file target_22.txt (compact mmCIF, C-alpha atoms)
# COMPACT_ATOMS: atom_id res chain seq x y z
CA MET A 632 0.00 0.00 0.00
CA ALA A 633 1.27 3.44 -0.97
CA TYR A 634 0.12 6.49 0.97
CA VAL A 635 1.41 9.89 2.04
CA ALA A 636 0.36 12.03 5.01
CA GLY A 637 0.81 15.78 5.35
CA GLY A 638 -0.22 18.47 7.79
CA THR A 639 -0.36 18.40 11.57
CA GLY A 640 -3.88 19.64 12.24
CA SER A 641 -6.90 17.79 13.53
CA PRO A 642 -8.85 15.79 12.54
CA THR A 643 -7.29 13.41 10.03
CA VAL A 644 -8.94 13.60 6.60
CA VAL A 645 -8.36 10.61 4.32
CA VAL A 646 -8.85 11.43 0.66
CA MET A 647 -10.21 8.31 -0.99
CA PRO A 648 -8.79 7.88 -4.52
CA GLU A 649 -11.00 8.22 -7.56
CA LEU A 650 -11.31 5.63 -10.32
CA LEU A 651 -7.63 5.91 -11.28
CA SER A 652 -4.90 7.38 -9.12
CA HIS A 653 -1.15 7.74 -8.83
CA ILE A 654 -0.01 9.85 -5.87
CA GLU A 655 3.15 11.22 -7.47
CA VAL A 656 1.53 12.04 -10.81
CA ALA A 657 -1.46 13.62 -9.08
CA LEU A 658 0.73 15.98 -7.08
CA ASP A 659 2.53 17.07 -10.25
CA GLU A 660 -0.68 18.88 -11.26
CA PRO A 661 -0.58 22.43 -9.77
CA ARG A 662 -4.33 22.54 -9.07
CA VAL A 663 -4.22 19.23 -7.20
CA ARG A 664 -1.13 20.27 -5.25
CA SER A 665 -2.68 23.61 -4.30
CA CYS A 666 -5.91 22.01 -3.02
CA PHE A 667 -4.10 19.46 -0.90
CA ALA A 668 -1.81 22.15 0.50
CA TRP A 669 -4.91 24.14 1.49
CA LEU A 670 -6.38 21.14 3.32
CA ALA A 671 -3.04 20.30 4.96
CA GLU A 672 -2.89 23.78 6.49
CA ARG A 673 -5.99 22.86 8.49
CA TYR A 674 -5.97 19.07 8.96
CA ARG A 675 -3.75 16.04 8.73
CA VAL A 676 -4.41 14.85 5.18
CA VAL A 677 -3.78 11.35 3.88
CA LEU A 678 -3.58 10.45 0.18
CA LEU A 679 -3.47 6.83 -0.96
CA ASP A 680 -3.46 4.57 -3.98
CA ARG A 681 -5.73 1.54 -3.75
CA ARG A 682 -4.08 -1.80 -4.47
CA GLY A 683 -4.28 -2.38 -8.20
CA THR A 684 -3.55 1.26 -9.07
CA GLY A 685 -0.77 3.82 -8.90
CA LEU A 686 2.15 3.08 -6.59
CA SER A 687 0.40 0.29 -4.70
CA GLU A 688 0.66 -3.45 -5.41
CA ARG A 689 -1.03 -4.46 -8.67
CA VAL A 690 -0.49 -8.22 -8.74
CA GLY A 691 -3.24 -10.60 -7.58
CA VAL A 692 -5.59 -7.82 -6.47
CA ALA A 693 -9.37 -7.93 -6.92
CA PRO A 694 -10.48 -4.30 -7.44
CA THR A 695 -13.57 -4.56 -5.25
CA ALA A 696 -15.04 -2.22 -2.66
CA GLU A 697 -14.32 -4.83 0.01
CA ALA A 698 -10.62 -4.94 -0.96
CA ALA A 699 -10.48 -1.14 -0.86
CA VAL A 700 -11.90 -1.18 2.67
CA GLU A 701 -9.16 -3.62 3.68
CA ASP A 702 -6.61 -1.20 2.22
CA LEU A 703 -8.03 1.68 4.24
CA ARG A 704 -8.09 -0.39 7.43
CA ALA A 705 -4.41 -1.27 6.98
CA ILE A 706 -3.48 2.40 6.49
CA LEU A 707 -5.43 3.51 9.55
CA ASP A 708 -3.68 0.83 11.61
CA ASP A 709 -0.32 2.01 10.35
CA LEU A 710 -1.13 5.67 11.07
CA GLY A 711 -2.67 4.97 14.44
CA ALA A 712 -5.46 7.31 13.37
CA SER A 713 -9.09 6.76 14.32
CA PRO A 714 -11.72 7.97 13.97
CA VAL A 715 -11.01 9.85 10.75
CA TRP A 716 -12.97 11.83 8.20
CA LEU A 717 -13.32 10.30 4.74
CA PHE A 718 -13.47 12.60 1.72
CA GLY A 719 -14.50 10.61 -1.32
CA ALA A 720 -15.02 11.94 -4.83
CA SER A 721 -16.53 9.85 -7.62
CA LEU A 722 -15.59 6.17 -7.06
CA GLY A 723 -13.77 7.28 -3.90
CA GLY A 724 -17.12 8.29 -2.46
CA THR A 725 -18.68 4.91 -3.21
CA VAL A 726 -15.78 3.18 -1.44
CA ALA A 727 -16.00 5.66 1.45
CA ILE A 728 -19.64 4.66 1.96
CA GLU A 729 -18.66 0.99 2.01
CA ALA A 730 -15.89 1.72 4.52
CA ALA A 731 -18.11 3.79 6.80
CA ALA A 732 -20.70 1.02 6.88
CA ALA A 733 -18.06 -1.68 7.51
CA MET A 734 -16.20 0.10 10.32
CA PRO A 735 -18.33 2.95 11.67
CA GLU A 736 -16.26 3.16 14.84
CA ARG A 737 -13.28 4.36 12.77
CA VAL A 738 -15.09 6.96 10.67
CA ALA A 739 -15.95 10.30 12.27
CA GLY A 740 -17.71 11.72 9.24
CA LEU A 741 -18.14 11.61 5.47
CA VAL A 742 -17.82 14.17 2.70
CA LEU A 743 -19.05 12.79 -0.64
CA TYR A 744 -18.45 14.72 -3.85
CA GLY A 745 -19.80 13.78 -7.30
CA CYS A 746 -20.60 10.30 -6.05
CA ASN A 747 -22.88 7.50 -7.26
CA ALA A 748 -24.37 4.95 -4.86
CA ARG A 749 -24.60 2.45 -7.72
CA GLY A 750 -22.30 1.99 -10.69
CA SER A 751 -24.89 0.88 -13.25
CA TRP A 752 -28.31 2.00 -14.41
CA ALA A 753 -31.42 0.44 -12.89
CA GLN A 754 -35.10 1.34 -13.08
CA ASP A 755 -34.92 2.66 -9.53
CA TYR A 756 -31.49 4.24 -10.11
CA PRO A 757 -31.52 6.11 -13.47
CA TRP A 758 -28.44 8.29 -12.93
CA ALA A 759 -25.70 5.78 -13.79
CA MET A 760 -24.56 4.37 -17.14
CA SER A 761 -26.38 1.51 -18.78
CA SER A 762 -24.37 -1.58 -19.68
CA ALA A 763 -24.28 -0.49 -23.34
CA GLN A 764 -23.06 3.01 -22.44
CA PHE A 765 -20.45 1.52 -20.14
CA GLU A 766 -19.08 -0.81 -22.83
CA ARG A 767 -18.80 2.09 -25.29
CA TRP A 768 -16.92 4.18 -22.72
CA LEU A 769 -14.57 1.33 -21.83
CA SER A 770 -13.85 0.75 -25.52
CA LYS A 771 -13.13 4.45 -25.97
CA LEU A 772 -10.72 4.50 -23.05
CA GLN A 773 -8.87 1.39 -24.19
CA SER A 774 -8.66 2.39 -27.86
CA GLY A 775 -7.47 5.87 -26.91
CA TRP A 776 -4.94 4.57 -24.39
CA GLY A 777 -1.93 6.84 -24.14
CA GLY A 778 -3.94 9.99 -24.86
CA ALA A 779 -6.10 12.38 -22.84
CA THR A 780 -9.25 10.30 -23.32
CA SER A 781 -12.59 11.65 -21.96
CA LEU A 782 -10.98 14.81 -20.58
CA GLU A 783 -13.81 16.89 -22.05
CA ALA A 784 -16.21 15.09 -19.69
CA PHE A 785 -14.03 15.22 -16.57
CA ALA A 786 -12.86 18.84 -16.91
CA PRO A 787 -14.78 20.66 -19.69
CA SER A 788 -13.66 24.10 -18.48
CA THR A 789 -10.00 23.31 -19.25
CA ALA A 790 -10.18 20.34 -21.64
CA LEU A 791 -8.19 22.17 -24.34
CA ASP A 792 -5.29 23.10 -22.03
CA PRO A 793 -2.25 21.30 -23.55
CA GLN A 794 -0.47 20.95 -20.20
CA LEU A 795 -3.55 19.42 -18.59
CA ARG A 796 -4.00 17.07 -21.53
CA ALA A 797 -0.41 15.89 -21.23
CA TRP A 798 -0.82 15.39 -17.48
CA TRP A 799 -4.08 13.42 -17.84
CA ALA A 800 -2.58 11.17 -20.51
CA ARG A 801 0.33 10.47 -18.16
CA MET A 802 -2.07 9.77 -15.28
CA LEU A 803 -3.96 7.21 -17.36
CA ARG A 804 -0.74 5.48 -18.41
CA SER A 805 0.71 5.52 -14.88
CA ALA A 806 -2.34 4.62 -12.80
CA ALA A 807 -3.15 1.28 -14.45
CA SER A 808 -2.29 -0.78 -17.50
CA GLN A 809 -4.45 -0.79 -20.61
CA ASN A 810 -5.80 -4.25 -19.83
CA GLY A 811 -5.90 -3.72 -16.06
CA LEU A 812 -8.20 -0.75 -16.60
CA ALA A 813 -11.04 -3.02 -17.72
CA ALA A 814 -11.07 -4.97 -14.44
CA ILE A 815 -11.11 -1.74 -12.40
CA LEU A 816 -13.94 -0.21 -14.43
CA ARG A 817 -16.03 -3.37 -14.42
CA ALA A 818 -15.71 -3.67 -10.64
CA PHE A 819 -16.93 -0.08 -10.28
CA HIS A 820 -19.82 -0.71 -12.70
CA ASP A 821 -20.92 -3.63 -10.50
CA MET A 822 -20.83 -1.70 -7.19
CA ASP A 823 -24.07 -0.98 -5.35
CA VAL A 824 -23.91 0.49 -1.84
CA ARG A 825 -27.50 1.72 -1.63
CA GLU A 826 -28.44 -0.66 1.18
CA ARG A 827 -25.59 0.78 3.28
CA LEU A 828 -26.93 4.34 3.20
CA PRO A 829 -29.68 4.13 5.87
CA ARG A 830 -27.15 2.57 8.29
CA LEU A 831 -24.72 5.51 8.18
CA THR A 832 -24.88 7.36 11.48
CA MET A 833 -21.94 9.75 11.14
CA PRO A 834 -22.22 13.39 9.95
CA THR A 835 -22.38 13.35 6.15
CA LEU A 836 -22.08 16.13 3.58
CA VAL A 837 -22.94 15.57 -0.09
CA ILE A 838 -21.43 18.08 -2.54
CA GLN A 839 -22.47 18.21 -6.18
CA ARG A 840 -21.87 20.52 -9.14
CA SER A 841 -25.09 21.05 -11.05
CA GLY A 842 -23.57 20.57 -14.52
CA ASP A 843 -21.34 17.56 -13.76
CA ARG A 844 -21.24 15.37 -16.89
CA ILE A 845 -19.97 12.23 -15.14
CA VAL A 846 -22.25 12.07 -12.07
CA ARG A 847 -25.73 13.57 -12.34
CA GLU A 848 -27.43 15.92 -9.91
CA GLY A 849 -30.10 13.31 -9.17
CA ALA A 850 -27.48 10.95 -7.75
CA ALA A 851 -26.46 13.55 -5.18
CA ARG A 852 -30.03 14.29 -4.19
CA TYR A 853 -30.65 10.56 -3.80
CA LEU A 854 -27.61 10.20 -1.50
CA ALA A 855 -28.63 13.14 0.65
CA ALA A 856 -32.18 11.76 0.98
CA GLN A 857 -31.07 8.22 1.88
CA VAL A 858 -28.35 8.99 4.47
CA PRO A 859 -29.98 9.96 7.79
CA GLY A 860 -29.38 13.64 8.56
CA ALA A 861 -27.12 14.23 5.55
CA SER A 862 -26.56 17.76 4.27
CA LEU A 863 -26.54 18.63 0.55
CA GLU A 864 -24.54 21.48 -0.96
CA MET A 865 -25.22 22.16 -4.63
CA LEU A 866 -22.59 24.22 -6.44
CA PRO A 867 -22.54 25.70 -9.93
CA GLY A 868 -20.09 24.32 -12.49
CA ASP A 869 -19.58 21.53 -15.02
CA ASP A 870 -16.25 19.99 -13.97
CA HIS A 871 -16.35 16.55 -12.38
CA TRP A 872 -12.91 16.93 -10.81
CA TRP A 873 -13.38 18.80 -7.54
CA TRP A 874 -9.99 20.47 -7.83
CA HIS A 875 -10.95 22.11 -11.14
CA GLY A 876 -13.29 25.01 -11.71
CA ASP A 877 -14.19 26.83 -8.50
CA SER A 878 -12.25 24.50 -6.23
CA GLN A 879 -12.32 27.08 -3.43
CA ALA A 880 -16.08 26.64 -3.15
CA VAL A 881 -15.57 22.90 -2.65
CA LEU A 882 -12.77 23.39 -0.13
CA GLN A 883 -14.74 25.96 1.84
CA ALA A 884 -17.76 23.63 1.96
CA ILE A 885 -15.59 20.79 3.28
CA ALA A 886 -13.95 22.94 5.97
CA ARG A 887 -17.23 24.56 6.99
CA PHE A 888 -18.85 21.18 7.54
CA ILE A 889 -15.97 19.48 9.34
CA ASP A 890 -15.32 22.47 11.58
CA SER A 891 -19.00 22.69 12.53
CA GLN A 892 -18.91 19.27 14.18
CA PRO A 893 -18.27 19.00 17.96
CA ALA A 894 -14.49 18.87 18.51
CA HIS A 895 -14.25 17.86 14.83
CA ARG A 896 -15.32 14.36 15.94
CA GLY A 897 -11.94 12.76 15.37
CA ARG A 898 -8.21 13.22 15.52

call {"tool": "encode", "arguments": {"input": "target_22.txt", "output": "C-alpha cells"}}
result
Amino acid sequence: MAYVAGGTGSPTVVVMPELLSHIEVALDEPRVRSCFAWLAERYRVVLLDRRGTGLSERVGVAPTAEAAVEDLRAILDDLGASPVWLFGASLGGTVAIEAAAAMPERVAGLVLYGCNARGSWAQDYPWAMSSAQFERWLSKLQSGWGGATSLEAFAPSTALDPQLRAWWARMLRSAASQNGLAAILRAFHDMDVRERLPRLTMPTLVIQRSGDRIVREGAARYLAAQVPGASLEMLPGDDHWWWHGDSQAVLQAIARFIDSQPAHRGR
C-alpha cells in the first residue's frame, strides 16, 4: 500500500482515490497540489493509492469495494489514526460509503463529492450508465490509451489546455495498464452500496456541481435523501474533478462542515 500524510492539524482527513490514481503524478498537477496544501494547512491529510492502481501493489488484487476497505483499514492501523474523516469523490465516495458502513467506529464523518451509490443504471437508479453506455466508454478508453481520453467530460472548463492534456494522458498510463483498466472499471460498474446508506450514522455532507457530466445531480439528491441527517450542498459548475473550476467553493464547503462538528469528531 502506498500512501502519504501531510499536515499536523486535527482531525485526520483521508482522501479516498478516484477511479484511477497515482499519488506522485497527481501531485505534479498544480491545481491538485494547491488544493491538498490548502487542506493540509488545516488538517492532517492522507492520500493513498488503492491496491491495483498507482504506486500500490497491482499483482493478484481484486479491485472490489471490500478490498479497498481492507486497504483503508491497513493504512489507519499504520497511522494509528481513528476515527477519521473520509473525503471521497466519484468512485472514492462509493468506497467511502462501504468503509463507513463496515467500520463505523473508525469513521468520524463523510464528505461525498460527485458520487454514485450504484455503478450501473437500474429502473430505480436512473443516474448511472447503462451496460451499453459503459461498454462504449470502456472501448473508448482502451482504444485511446496513451492519450487524454474523456478529458472533455471530466474537466470541460480546461479540456483544451495542452499541459492538462499531457498530465491526464500520463495519469492514465501511470495509474493502471491498458488491460488492467477493464477490471477496475467493471468492478466499479458492479458496485451498489444503496443498502448501506440508511445505516450511516456519522455526519455526512454531499457536494455536487449542477452541470457535472460524469455524475448527475439526481445521484447527489438521492444520496442526501437516503443517508440519515445528511446535508446537501449544490454548487454551480460543469467539472467533475473537484480540484478544477471553483475548487475554493468545494474546499470551503468541506472545511465549513468538518469544523462545525463538535471537537471535529476525530483526531

call {"tool": "closest_atom_pairs", "arguments": {"input": "target_22.txt", "of": "segment 675-747 of chain A", "to": "segment 810-823 of chain A", "cutoff": "12 Å", "atoms": "all atoms listed in the file", "output": "tab-separated table"}}
result
residue	atom	partner	partner_atom	distance
A:Arg681	CA	A:Ile815	CA	10.7
A:Arg682	CA	A:Ile815	CA	10.6
A:Gly683	CA	A:Ile815	CA	8.0
A:Thr684	CA	A:Ile815	CA	8.8
A:Gly685	CA	A:Gly811	CA	11.6
A:Arg689	CA	A:Gly811	CA	8.9
A:Val690	CA	A:Gly811	CA	10.2
A:Gly691	CA	A:Gly811	CA	11.2
A:Val692	CA	A:Ala814	CA	10.1
A:Ala693	CA	A:Ala814	CA	8.3
A:Pro694	CA	A:Ile815	CA	5.6
A:Thr695	CA	A:Ala818	CA	5.9
A:Ala696	CA	A:Met822	CA	7.4
A:Glu697	CA	A:Met822	CA	10.2
A:Ala698	CA	A:Ala818	CA	11.0
A:Ala699	CA	A:Ala818	CA	11.4
A:Ser721	CA	A:Phe819	CA	10.3
A:Leu722	CA	A:Phe819	CA	7.2
A:Gly723	CA	A:Phe819	CA	10.2
A:Gly724	CA	A:Phe819	CA	11.5
A:Thr725	CA	A:Met822	CA	8.0
A:Val726	CA	A:Met822	CA	9.1
A:Ile728	CA	A:Asp823	CA	10.2
A:Glu729	CA	A:Asp823	CA	9.3
A:Cys746	CA	A:Phe819	CA	11.8
A:Asn747	CA	A:Asp823	CA	8.8

call {"tool": "atom_distance", "arguments": {"input": "target_22.txt", "atom1": "atom CA of Ala779 of chain A", "atom2": "atom CA of Leu803 of chain A"}}
result
7.8 Å

call {"tool": "atom_distance", "arguments": {"input": "target_22.txt", "atom1": "atom CA of Ser762 of chain A", "atom2": "atom CA of Val646 of chain A"}}
result
28.7 Å

call {"tool": "residues_around", "arguments": {"input": "target_22.txt", "residues": "Gln857 of chain A", "least_positions_apart": "3", "cutoff": "9 Å", "atoms": "only C-alpha atoms", "output": "list in words"}}
result
Arg825, Leu828, Pro829, Arg852, Tyr853, Leu854, Gly860 and Ala861 of chain A

call {"tool": "atom_distance", "arguments": {"input": "target_22.txt", "atom1": "atom CA of Arg662 of chain A", "atom2": "atom CA of Thr789 of chain A"}}
result
11.7 Å

call {"tool": "closest_residue", "arguments": {"input": "target_22.txt", "among": "A:Ser808, A:Ser713, A:Thr643, A:Thr835", "to": "Leu772 of chain A", "atoms": "all atoms listed in the file"}}
result
A:Ser808

call {"tool": "residues_around", "arguments": {"input": "target_22.txt", "residues": "Ala786 of chain A", "least_positions_apart": "5", "cutoff": "9 Å", "atoms": "only C-alpha atoms", "output": "PyMOL selection string"}}
result
chain A and resi 781+869-872+875-876

call {"tool": "residues_around", "arguments": {"input": "target_22.txt", "residues": "Ser641 of chain A", "least_positions_apart": "2", "cutoff": "7 Å", "atoms": "all atoms listed in the file", "output": "JSON, numbers by chain"}}
result
{"A": [639, 643, 674, 675, 898]}

call {"tool": "residues_around", "arguments": {"input": "target_22.txt", "residues": "Val677 of chain A", "least_positions_apart": "2", "cutoff": "7 Å", "atoms": "all atoms listed in the file", "output": "PDB file with C-alpha atoms, keeping the file's coordinate frame"}}
result
ATOM      1  CA  TYR A 634       0.120   6.490   0.970  1.00  0.00           C
ATOM      2  CA  VAL A 635       1.410   9.890   2.040  1.00  0.00           C
ATOM      3  CA  ALA A 636       0.360  12.030   5.010  1.00  0.00           C
ATOM      4  CA  GLY A 637       0.810  15.780   5.350  1.00  0.00           C
ATOM      5  CA  VAL A 644      -8.940  13.600   6.600  1.00  0.00           C
ATOM      6  CA  VAL A 645      -8.360  10.610   4.320  1.00  0.00           C
ATOM      7  CA  VAL A 646      -8.850  11.430   0.660  1.00  0.00           C
ATOM      8  CA  ARG A 675      -3.750  16.040   8.730  1.00  0.00           C
ATOM      9  CA  LEU A 679      -3.470   6.830  -0.960  1.00  0.00           C
TER      10      LEU A 679
END

call {"tool": "closest_residue", "arguments": {"input": "target_22.txt", "among": "A:Arg844, A:Gly778, A:Gln883, A:Trp798", "to": "Val663 of chain A", "atoms": "all atoms listed in the file"}}
result
A:Trp798

call {"tool": "residues_around", "arguments": {"input": "target_22.txt", "residues": "Leu741 of chain A", "least_positions_apart": "2", "cutoff": "7 Å", "atoms": "only C-alpha atoms", "output": "PyMOL selection string"}}
result
chain A and resi 716-718+743+834-836

call {"tool": "closest_residue", "arguments": {"input": "target_22.txt", "among": "A:Arg887, A:Arg830, A:Ala720, A:Ser841", "to": "Ala732 of chain A", "atoms": "all atoms listed in the file"}}
result
A:Arg830
